[in-house]
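Only one structure is covered here, and it is reproduced in the block below.
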2 protein chains.
Amino acid sequence: MTTTSLSTGADQRAAIAAYGSALEPVDPELLSLLELPDDLPDRLSIAEAAELTGLTAHTLRYYERIGLVDVHRDAAGYRSYDRRAMARIVFISRLRASGMSISTISHYLELVRQGDQTEPQRLALMQQHRGGIQRQLRELQLALAVTDYKIGVYGGSAAP
Amino acid sequence: MTTTSLSTGADQRAAIAAYGSALEPVDPELLSLLELPDDLPDRLSIAEAAELTGLTAHTLRYYERIGLVDVHRDAAGYRSYDRRAMARIVFISRLRASGMSISTISHYLELVRQGDQTEPQRLALMQQHRGGIQRQLRELQLALAVTDYKIGVYGGSAAP
DNA sequence: CTTTGCCTTCGAGTGCGCTCGAAGGCATAC
DNA sequence: GTATGCCTTCGAGCGCACTCGAAGGCAAAG
């Protein structure tokens, strides 16, 4: 769409790469927090992205469909996940894993789209989420205690 | 049903009490692990049970309906939650809060019903659940890290 | 050429865990 | 008596987050 096909074959997907992702370099501190591998390829297929994130290809398409992430297409029309997309997806999956609803994530990302003046709202949202995470941590500790108790009752050891 | 009504009025529900719950005394260690109050009344209405557990009355009826817990009825046909029922409900809510599905909980409770010879299976189940809890704890730590990172970016402090 | 396999879009379906509402019973207050 | 409020059972409904399947495109292998 943006570039005309010069090369053919397998390289085409990679060749199409210099597109869109270098606008902002993706905060390296966040990138390392998200624990993406250092040798993360520039462009990944949906199968590779699924493998790396632990989500299914179906779920990745779903996240894109509902507007959580933008994903480029290569010359064949296939999805091509760049560093930015991967970072966002892992970020989203962290929020999901900590119980943030998809509608709240959508709202947060909409605030991001609206620019810097929404930072106070984003801050409030994240602070509230932090409270939720801490509550969950406490609940998990309680659950761990009763689970370990039962394991003890059944004569087992905690490490299976 | 079991006793004929001698008293009338408010005491009737309490009067019906000496029924069923004293068969086994409920493991005091588990009871304290479940953090039920020391002054837990012998018999609670569904509203009181809901209040104490943080579940809704609807959910308590649902858990009973699907066979997770047995609950006695008073002379008026109202549910009356004894210590044993409360302990089980809190136990269930701990398992739920740590991500055990209702069908797995049902299975576990069915094993309990089947008697001592199912202890190895219960042990395995709880050990597996322990693994799940630990995985969730790790995921929550990662989520907490990115959340705190964002809070920092937005100029906020972790304690709101 | 055909086969294989991964990819596309689209819309519909699924499973879970509640959640609700209707219709009615019981008990205390007035 | 009636009104209020909490309780009962029953079946149905709902929201969420996927999850799936059909129909078809693209490209490397044989």
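Order determines the names: the first chain of the structure tokens is A, the second B, and so forth; residues in each chain are numbered 1 upward, and ligands are numbered 1 upward as they are shown.
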
For chain B against chain A, with a cut-off of 8 Å and counting only C-alpha atoms, what is the closest atom pair and its distance in Å to one decimal for every residue that makes the cut, ordered by chain and number, as JSON lines?
```
{"residue": "B:Leu30", "atom": "CA", "partner": "A:Val146", "partner_atom": "CA", "distance": 7.3}
{"residue": "B:Leu33", "atom": "CA", "partner": "A:Val146", "partner_atom": "CA", "distance": 6.6}
{"residue": "B:Leu34", "atom": "CA", "partner": "A:Val146", "partner_atom": "CA", "distance": 7.5}
{"residue": "B:Phe91", "atom": "CA", "partner": "A:Val146", "partner_atom": "CA", "distance": 7.7}
{"residue": "B:Arg94", "atom": "CA", "partner": "A:Ala143", "partner_atom": "CA", "distance": 5.1}
{"residue": "B:Leu95", "atom": "CA", "partner": "A:Ala143", "partner_atom": "CA", "distance": 6.3}
{"residue": "B:Ala97", "atom": "CA", "partner": "A:Glu139", "partner_atom": "CA", "distance": 6.7}
{"residue": "B:Ser98", "atom": "CA", "partner": "A:Leu140", "partner_atom": "CA", "distance": 5.7}
{"residue": "B:Glu119", "atom": "CA", "partner": "A:Tyr154", "partner_atom": "CA", "distance": 6.1}
{"residue": "B:Pro120", "atom": "CA", "partner": "A:Tyr154", "partner_atom": "CA", "distance": 7.2}
{"residue": "B:Arg122", "atom": "CA", "partner": "A:Tyr154", "partner_atom": "CA", "distance": 7.5}
{"residue": "B:Leu123", "atom": "CA", "partner": "A:Tyr154", "partner_atom": "CA", "distance": 5.7}
{"residue": "B:Met126", "atom": "CA", "partner": "A:Thr147", "partner_atom": "CA", "distance": 6.1}
{"residue": "B:Gln127", "atom": "CA", "partner": "A:Pro160", "partner_atom": "CA", "distance": 6.2}
{"residue": "B:Gln128", "atom": "CA", "partner": "A:Pro160", "partner_atom": "CA", "distance": 7.9}
{"residue": "B:His129", "atom": "CA", "partner": "A:Thr147", "partner_atom": "CA", "distance": 7.6}
{"residue": "B:Arg130", "atom": "CA", "partner": "A:Thr147", "partner_atom": "CA", "distance": 6.5}
{"residue": "B:Ile133", "atom": "CA", "partner": "A:Leu140", "partner_atom": "CA", "distance": 6.7}
{"residue": "B:Leu137", "atom": "CA", "partner": "A:Leu137", "partner_atom": "CA", "distance": 6.8}
{"residue": "B:Glu139", "atom": "CA", "partner": "A:Ala97", "partner_atom": "CA", "distance": 6.7}
{"residue": "B:Leu140", "atom": "CA", "partner": "A:Ser98", "partner_atom": "CA", "distance": 5.7}
{"residue": "B:Leu142", "atom": "CA", "partner": "A:Arg94", "partner_atom": "CA", "distance": 7.0}
{"residue": "B:Ala143", "atom": "CA", "partner": "A:Arg94", "partner_atom": "CA", "distance": 5.1}
{"residue": "B:Leu144", "atom": "CA", "partner": "A:Arg130", "partner_atom": "CA", "distance": 6.6}
{"residue": "B:Ala145", "atom": "CA", "partner": "A:Leu33", "partner_atom": "CA", "distance": 7.3}
{"residue": "B:Val146", "atom": "CA", "partner": "A:Leu33", "partner_atom": "CA", "distance": 6.6}
{"residue": "B:Thr147", "atom": "CA", "partner": "A:Met126", "partner_atom": "CA", "distance": 6.1}
{"residue": "B:Asp148", "atom": "CA", "partner": "A:Arg130", "partner_atom": "CA", "distance": 7.4}
{"residue": "B:Tyr149", "atom": "CA", "partner": "A:Leu30", "partner_atom": "CA", "distance": 7.6}
{"residue": "B:Lys150", "atom": "CA", "partner": "A:Met126", "partner_atom": "CA", "distance": 7.2}
{"residue": "B:Ile151", "atom": "CA", "partner": "A:Leu123", "partner_atom": "CA", "distance": 5.7}
{"residue": "B:Tyr154", "atom": "CA", "partner": "A:Leu123", "partner_atom": "CA", "distance": 5.7}
{"residue": "B:Gly155", "atom": "CA", "partner": "A:Leu123", "partner_atom": "CA", "distance": 7.8}
{"residue": "B:Gly156", "atom": "CA", "partner": "A:Leu123", "partner_atom": "CA", "distance": 6.5}
{"residue": "B:Ala158", "atom": "CA", "partner": "A:Gln127", "partner_atom": "CA", "distance": 6.8}
{"residue": "B:Ala159", "atom": "CA", "partner": "A:Gln127", "partner_atom": "CA", "distance": 7.6}
{"residue": "B:Pro160", "atom": "CA", "partner": "A:Gln127", "partner_atom": "CA", "distance": 6.2}
```

Using the selection just defined, write its residues with N, CA and C atoms as an mmCIF file, in the first residue's frame.
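Result file follows (part_9.cif):
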```cif
data_model
loop_
_atom_site.group_PDB
_atom_site.id
_atom_site.type_symbol
_atom_site.label_atom_id
_atom_site.label_comp_id
_atom_site.auth_asym_id
_atom_site.auth_seq_id
_atom_site.Cartn_x
_atom_site.Cartn_y
_atom_site.Cartn_z
ATOM 1 N N LEU B 30 -8.385 -24.414 60.753
ATOM 2 C CA LEU B 30 -8.939 -23.957 59.475
ATOM 3 C C LEU B 30 -9.837 -22.750 59.708
ATOM 4 N N LEU B 33 -7.846 -19.776 60.071
ATOM 5 C CA LEU B 33 -7.279 -19.442 58.769
ATOM 6 C C LEU B 33 -8.297 -18.721 57.897
ATOM 7 N N LEU B 34 -9.531 -19.108 58.033
ATOM 8 C CA LEU B 34 -10.579 -18.516 57.205
ATOM 9 C C LEU B 34 -10.974 -17.133 57.709
ATOM 10 N N PHE B 91 -14.229 -20.862 52.568
ATOM 11 C CA PHE B 91 -13.244 -21.693 51.887
ATOM 12 C C PHE B 91 -13.460 -21.645 50.371
ATOM 13 N N ARG B 94 -12.408 -18.415 48.916
ATOM 14 C CA ARG B 94 -10.946 -18.312 48.782
ATOM 15 C C ARG B 94 -10.479 -19.030 47.513
ATOM 16 N N LEU B 95 -11.048 -20.193 47.284
ATOM 17 C CA LEU B 95 -10.663 -20.928 46.074
ATOM 18 C C LEU B 95 -11.083 -20.153 44.831
ATOM 19 N N ALA B 97 -11.528 -16.915 44.579
ATOM 20 C CA ALA B 97 -10.703 -15.705 44.459
ATOM 21 C C ALA B 97 -9.329 -16.033 43.897
ATOM 22 N N SER B 98 -8.915 -17.269 44.058
ATOM 23 C CA SER B 98 -7.609 -17.656 43.527
ATOM 24 C C SER B 98 -7.757 -18.377 42.195
ATOM 25 N N GLU B 119 -8.057 -38.960 49.404
ATOM 26 C CA GLU B 119 -7.111 -37.927 49.837
ATOM 27 C C GLU B 119 -5.943 -37.710 48.872
ATOM 28 N N PRO B 120 -5.406 -38.780 48.290
ATOM 29 C CA PRO B 120 -4.318 -38.529 47.325
ATOM 30 C C PRO B 120 -4.748 -37.639 46.164
ATOM 31 N N ARG B 122 -7.157 -35.421 46.264
ATOM 32 C CA ARG B 122 -7.346 -34.061 46.782
ATOM 33 C C ARG B 122 -6.008 -33.370 46.945
ATOM 34 N N LEU B 123 -5.045 -34.134 47.413
ATOM 35 C CA LEU B 123 -3.701 -33.576 47.562
ATOM 36 C C LEU B 123 -3.169 -33.085 46.223
ATOM 37 N N MET B 126 -4.891 -29.943 45.140
ATOM 38 C CA MET B 126 -4.472 -28.749 45.883
ATOM 39 C C MET B 126 -3.043 -28.353 45.516
ATOM 40 N N GLN B 127 -2.211 -29.325 45.265
ATOM 41 C CA GLN B 127 -0.837 -28.984 44.864
ATOM 42 C C GLN B 127 -0.833 -28.289 43.508
ATOM 43 N N GLN B 128 -1.695 -28.783 42.639
ATOM 44 C CA GLN B 128 -1.788 -28.125 41.330
ATOM 45 C C GLN B 128 -2.324 -26.702 41.488
ATOM 46 N N HIS B 129 -3.316 -26.563 42.363
ATOM 47 C CA HIS B 129 -3.860 -25.229 42.580
ATOM 48 C C HIS B 129 -2.808 -24.297 43.174
ATOM 49 N N ARG B 130 -2.001 -24.849 44.054
ATOM 50 C CA ARG B 130 -0.932 -24.034 44.630
ATOM 51 C C ARG B 130 -0.028 -23.471 43.545
ATOM 52 N N ILE B 133 -1.736 -20.575 41.954
ATOM 53 C CA ILE B 133 -1.680 -19.373 42.796
ATOM 54 C C ILE B 133 -0.317 -18.702 42.668
ATOM 55 N N LEU B 137 0.587 -15.015 41.453
ATOM 56 C CA LEU B 137 1.349 -14.049 42.262
ATOM 57 C C LEU B 137 2.453 -13.425 41.421
ATOM 58 N N GLU B 139 2.465 -13.114 38.154
ATOM 59 C CA GLU B 139 1.843 -12.223 37.161
ATOM 60 C C GLU B 139 1.410 -10.910 37.783
ATOM 61 N N LEU B 140 0.893 -10.990 39.001
ATOM 62 C CA LEU B 140 0.471 -9.757 39.666
ATOM 63 C C LEU B 140 1.662 -8.872 39.978
ATOM 64 N N LEU B 142 4.343 -8.622 38.171
ATOM 65 C CA LEU B 142 4.684 -7.970 36.905
ATOM 66 C C LEU B 142 3.718 -6.829 36.620
ATOM 67 N N ALA B 143 2.433 -7.096 36.849
ATOM 68 C CA ALA B 143 1.427 -6.064 36.602
ATOM 69 C C ALA B 143 1.625 -4.882 37.540
ATOM 70 N N LEU B 144 1.979 -5.187 38.776
ATOM 71 C CA LEU B 144 2.230 -4.110 39.739
ATOM 72 C C LEU B 144 3.418 -3.269 39.286
ATOM 73 N N ALA B 145 4.417 -3.922 38.742
ATOM 74 C CA ALA B 145 5.602 -3.188 38.279
ATOM 75 C C ALA B 145 5.235 -2.219 37.154
ATOM 76 N N VAL B 146 4.488 -2.684 36.152
ATOM 77 C CA VAL B 146 4.173 -1.757 35.057
ATOM 78 C C VAL B 146 3.195 -0.688 35.524
ATOM 79 N N THR B 147 2.312 -1.040 36.428
ATOM 80 C CA THR B 147 1.369 -0.046 36.947
ATOM 81 C C THR B 147 2.116 1.045 37.722
ATOM 82 N N ASP B 148 3.030 0.623 38.567
ATOM 83 C CA ASP B 148 3.833 1.601 39.304
ATOM 84 C C ASP B 148 4.676 2.434 38.349
ATOM 85 N N TYR B 149 5.163 1.797 37.307
ATOM 86 C CA TYR B 149 5.938 2.537 36.322
ATOM 87 C C TYR B 149 5.087 3.643 35.709
ATOM 88 N N LYS B 150 3.877 3.295 35.301
ATOM 89 C CA LYS B 150 2.986 4.296 34.704
ATOM 90 C C LYS B 150 2.643 5.395 35.703
ATOM 91 N N ILE B 151 2.399 5.001 36.945
ATOM 92 C CA ILE B 151 2.098 6.000 37.970
ATOM 93 C C ILE B 151 3.258 6.975 38.090
ATOM 94 N N TYR B 154 3.340 9.389 35.165
ATOM 95 C CA TYR B 154 2.311 10.419 35.259
ATOM 96 C C TYR B 154 2.524 11.320 36.480
ATOM 97 N N GLY B 155 3.650 11.161 37.113
ATOM 98 C CA GLY B 155 3.994 12.051 38.212
ATOM 99 C C GLY B 155 3.249 11.779 39.494
ATOM 100 N N GLY B 156 2.717 10.586 39.617
ATOM 101 C CA GLY B 156 1.962 10.270 40.819
ATOM 102 C C GLY B 156 2.816 9.504 41.812
ATOM 103 N N ALA B 158 2.835 6.146 44.521
ATOM 104 C CA ALA B 158 2.207 4.829 44.561
ATOM 105 C C ALA B 158 1.045 4.773 45.552
ATOM 106 N N ALA B 159 1.189 5.485 46.651
ATOM 107 C CA ALA B 159 0.095 5.484 47.620
ATOM 108 C C ALA B 159 -0.816 6.679 47.348
ATOM 109 N N PRO B 160 -1.999 6.432 46.845
ATOM 110 C CA PRO B 160 -2.880 7.517 46.398
ATOM 111 C C PRO B 160 -3.468 8.298 47.575
#
```

How would chain A read as a tab-separated table (two decimals) with C-alpha atoms, in the first residue's frame once least-squares superposed on chain B using all paired C-alpha atoms?
```tsv
chain	number	residue	atom	x	y	z
A	1	MET	CA	-39.38	-30.39	60.22
A	2	THR	CA	-37.22	-32.09	62.77
A	3	THR	CA	-38.41	-30.24	65.86
A	4	THR	CA	-41.94	-29.16	66.55
A	5	SER	CA	-42.46	-25.47	67.23
A	6	LEU	CA	-42.63	-24.82	70.94
A	7	SER	CA	-41.71	-21.18	71.09
A	8	THR	CA	-43.15	-18.54	68.84
A	9	GLY	CA	-41.86	-15.28	67.44
A	10	ALA	CA	-38.33	-14.11	66.85
A	11	ASP	CA	-36.69	-16.79	68.93
A	12	GLN	CA	-37.98	-19.52	66.73
A	13	ARG	CA	-35.17	-19.22	64.26
A	14	ALA	CA	-32.57	-19.36	66.98
A	15	ALA	CA	-34.43	-22.02	68.94
A	16	ILE	CA	-34.32	-24.41	66.05
A	17	ALA	CA	-30.57	-24.29	66.18
A	18	ALA	CA	-29.36	-27.43	67.93
A	19	TYR	CA	-29.43	-29.31	64.69
A	20	GLY	CA	-26.86	-30.90	62.51
A	21	SER	CA	-23.91	-28.64	62.99
A	22	ALA	CA	-22.32	-30.28	66.01
A	23	LEU	CA	-21.58	-33.58	64.30
A	24	GLU	CA	-18.04	-32.53	63.61
A	25	PRO	CA	-16.74	-29.46	65.38
A	26	VAL	CA	-15.12	-27.73	62.35
A	27	ASP	CA	-11.35	-27.72	62.54
A	28	PRO	CA	-10.43	-24.67	64.66
A	29	GLU	CA	-7.17	-24.12	62.81
A	30	LEU	CA	-8.96	-23.94	59.49
A	31	LEU	CA	-11.59	-21.75	61.08
A	32	SER	CA	-9.00	-19.22	62.15
A	33	LEU	CA	-7.29	-19.43	58.75
A	34	LEU	CA	-10.59	-18.49	57.20
A	35	GLU	CA	-10.63	-15.39	59.38
A	36	LEU	CA	-14.17	-15.73	60.55
A	37	PRO	CA	-14.87	-13.55	63.59
A	38	ASP	CA	-14.44	-15.12	67.02
A	39	ASP	CA	-17.93	-14.07	68.00
A	40	LEU	CA	-19.52	-15.64	64.95
A	41	PRO	CA	-23.18	-16.24	65.80
A	42	ASP	CA	-24.37	-19.84	65.76
A	43	ARG	CA	-26.94	-19.13	63.12
A	44	LEU	CA	-27.01	-16.45	60.47
A	45	SER	CA	-29.63	-15.29	58.03
A	46	ILE	CA	-28.73	-15.13	54.37
A	47	ALA	CA	-28.32	-11.36	54.64
A	48	GLU	CA	-25.88	-11.74	57.51
A	49	ALA	CA	-24.00	-14.49	55.72
A	50	ALA	CA	-23.75	-12.29	52.64
A	51	GLU	CA	-22.50	-9.36	54.68
A	52	LEU	CA	-19.87	-11.48	56.38
A	53	THR	CA	-18.55	-13.19	53.27
A	54	GLY	CA	-18.78	-10.30	50.86
A	55	LEU	CA	-20.86	-12.41	48.50
A	56	THR	CA	-24.40	-11.50	47.52
A	57	ALA	CA	-27.46	-13.36	48.77
A	58	HIS	CA	-28.07	-14.31	45.15
A	59	THR	CA	-24.65	-15.90	44.95
A	60	LEU	CA	-25.14	-17.77	48.21
A	61	ARG	CA	-28.37	-19.26	46.90
A	62	TYR	CA	-26.62	-20.10	43.68
A	63	TYR	CA	-23.80	-21.94	45.49
A	64	GLU	CA	-26.36	-23.94	47.41
A	65	ARG	CA	-28.39	-24.68	44.30
A	66	ILE	CA	-25.39	-26.15	42.49
A	67	GLY	CA	-24.51	-28.27	45.50
A	68	LEU	CA	-21.45	-26.53	46.88
A	69	VAL	CA	-22.93	-26.20	50.35
A	70	ASP	CA	-25.84	-27.53	52.38
A	71	VAL	CA	-27.83	-24.99	54.33
A	72	HIS	CA	-30.48	-25.73	56.93
A	73	ARG	CA	-33.88	-24.08	57.07
A	74	ASP	CA	-35.54	-22.58	60.12
A	75	ALA	CA	-39.20	-23.06	61.01
A	76	ALA	CA	-40.23	-20.38	58.55
A	77	GLY	CA	-38.32	-22.09	55.75
A	78	TYR	CA	-35.61	-19.44	55.84
A	79	ARG	CA	-31.96	-20.36	55.30
A	80	SER	CA	-29.95	-20.58	58.49
A	81	TYR	CA	-26.16	-20.60	58.13
A	82	ASP	CA	-24.22	-22.38	60.83
A	83	ARG	CA	-20.49	-22.36	61.52
A	84	ARG	CA	-19.90	-25.26	59.20
A	85	ALA	CA	-21.73	-23.66	56.32
A	86	MET	CA	-19.94	-20.36	56.87
A	87	ALA	CA	-16.57	-22.07	56.96
A	88	ARG	CA	-17.28	-23.88	53.75
A	89	ILE	CA	-18.52	-20.76	52.02
A	90	VAL	CA	-15.45	-18.76	52.97
A	91	PHE	CA	-13.27	-21.67	51.89
A	92	ILE	CA	-15.05	-21.74	48.56
A	93	SER	CA	-14.70	-18.01	48.16
A	94	ARG	CA	-10.95	-18.30	48.77
A	95	LEU	CA	-10.68	-20.92	46.08
A	96	ARG	CA	-12.76	-18.82	43.73
A	97	ALA	CA	-10.69	-15.71	44.46
A	98	SER	CA	-7.61	-17.67	43.52
A	99	GLY	CA	-9.09	-18.71	40.23
A	100	MET	CA	-10.33	-22.22	40.86
A	101	SER	CA	-13.31	-22.87	38.61
A	102	ILE	CA	-16.62	-23.83	40.11
A	103	SER	CA	-16.47	-27.17	38.35
A	104	THR	CA	-13.12	-27.93	39.96
A	105	ILE	CA	-14.45	-26.89	43.35
A	106	SER	CA	-17.44	-29.18	42.79
A	107	HIS	CA	-15.10	-31.98	41.93
A	108	TYR	CA	-13.00	-31.40	45.02
A	109	LEU	CA	-16.07	-31.36	47.27
A	110	GLU	CA	-17.31	-34.53	45.63
A	111	LEU	CA	-13.99	-36.15	46.54
A	112	VAL	CA	-14.49	-34.97	50.12
A	113	ARG	CA	-17.92	-36.58	50.13
A	114	GLN	CA	-16.47	-39.84	48.91
A	115	GLY	CA	-14.36	-40.19	52.00
A	116	ASP	CA	-10.79	-40.66	53.13
A	117	GLN	CA	-9.64	-42.85	50.28
A	118	THR	CA	-9.79	-39.86	47.91
A	119	GLU	CA	-7.19	-37.92	49.88
A	120	PRO	CA	-4.39	-38.56	47.37
A	121	GLN	CA	-6.52	-37.02	44.64
A	122	ARG	CA	-7.41	-34.07	46.83
A	123	LEU	CA	-3.76	-33.61	47.61
A	124	ALA	CA	-2.86	-33.61	43.94
A	125	LEU	CA	-5.63	-31.16	43.20
A	126	MET	CA	-4.50	-28.78	45.92
A	127	GLN	CA	-0.88	-29.04	44.90
A	128	GLN	CA	-1.82	-28.17	41.38
A	129	HIS	CA	-3.88	-25.27	42.60
A	130	ARG	CA	-0.95	-24.08	44.64
A	131	GLY	CA	1.05	-23.90	41.45
A	132	GLY	CA	-1.66	-21.81	39.88
A	133	ILE	CA	-1.68	-19.41	42.80
A	134	GLN	CA	2.06	-18.97	42.59
A	135	ARG	CA	1.87	-18.29	38.90
A	136	GLN	CA	-0.79	-15.67	39.57
A	137	LEU	CA	1.36	-14.11	42.26
A	138	ARG	CA	4.19	-13.77	39.77
A	139	GLU	CA	1.88	-12.28	37.16
A	140	LEU	CA	0.51	-9.80	39.66
A	141	GLN	CA	4.02	-8.74	40.57
A	142	LEU	CA	4.72	-8.04	36.90
A	143	ALA	CA	1.47	-6.11	36.60
A	144	LEU	CA	2.28	-4.16	39.75
A	145	ALA	CA	5.64	-3.25	38.28
A	146	VAL	CA	4.22	-1.81	35.06
A	147	THR	CA	1.42	-0.09	36.94
A	148	ASP	CA	3.88	1.54	39.30
A	149	TYR	CA	5.97	2.48	36.32
A	150	LYS	CA	3.03	4.25	34.71
A	151	ILE	CA	2.15	5.94	37.97
A	152	GLY	CA	5.69	7.23	38.07
A	153	VAL	CA	5.52	8.45	34.47
A	154	TYR	CA	2.35	10.37	35.27
A	155	GLY	CA	4.04	11.99	38.24
A	156	GLY	CA	2.00	10.22	40.84
A	157	SER	CA	2.94	8.43	43.98
A	158	ALA	CA	2.19	4.80	44.58
A	159	ALA	CA	0.01	5.47	47.59
A	160	PRO	CA	-2.93	7.49	46.33
```

(Q) Within 8 Å of chain A, which residues belong to chain D? Use only C-alpha atoms (C1' of nucleotides) and report them as a PyMOL selection string. (A) chain D and resi 18-19+26-27

For the selection you just gave me, I'd like the residues written to a file as a compact mmCIF listing (two decimals), in the first residue's frame, keeping C-alpha atoms (C1' of nucleotides).
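That gives us out10.txt:
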```
# COMPACT_ATOMS: atom_id res chain seq x y z
C1' DC D 18 -13.02 -14.86 24.11
C1' DT D 19 -13.52 -18.81 20.53
C1' DC D 26 -1.06 -16.09 -0.97
C1' DA D 27 3.26 -18.49 -1.56
```

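For the atom pair formed by C1' of DT2 in chain C and C1' of DC20 in chain D, the distance is 28.4 Å, given to one decimal.
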
Practice item. Could you find all residues in chain B that DSSP calls strand (DSSP E) from the backbone, and write them as a count of residues only? Key: 4
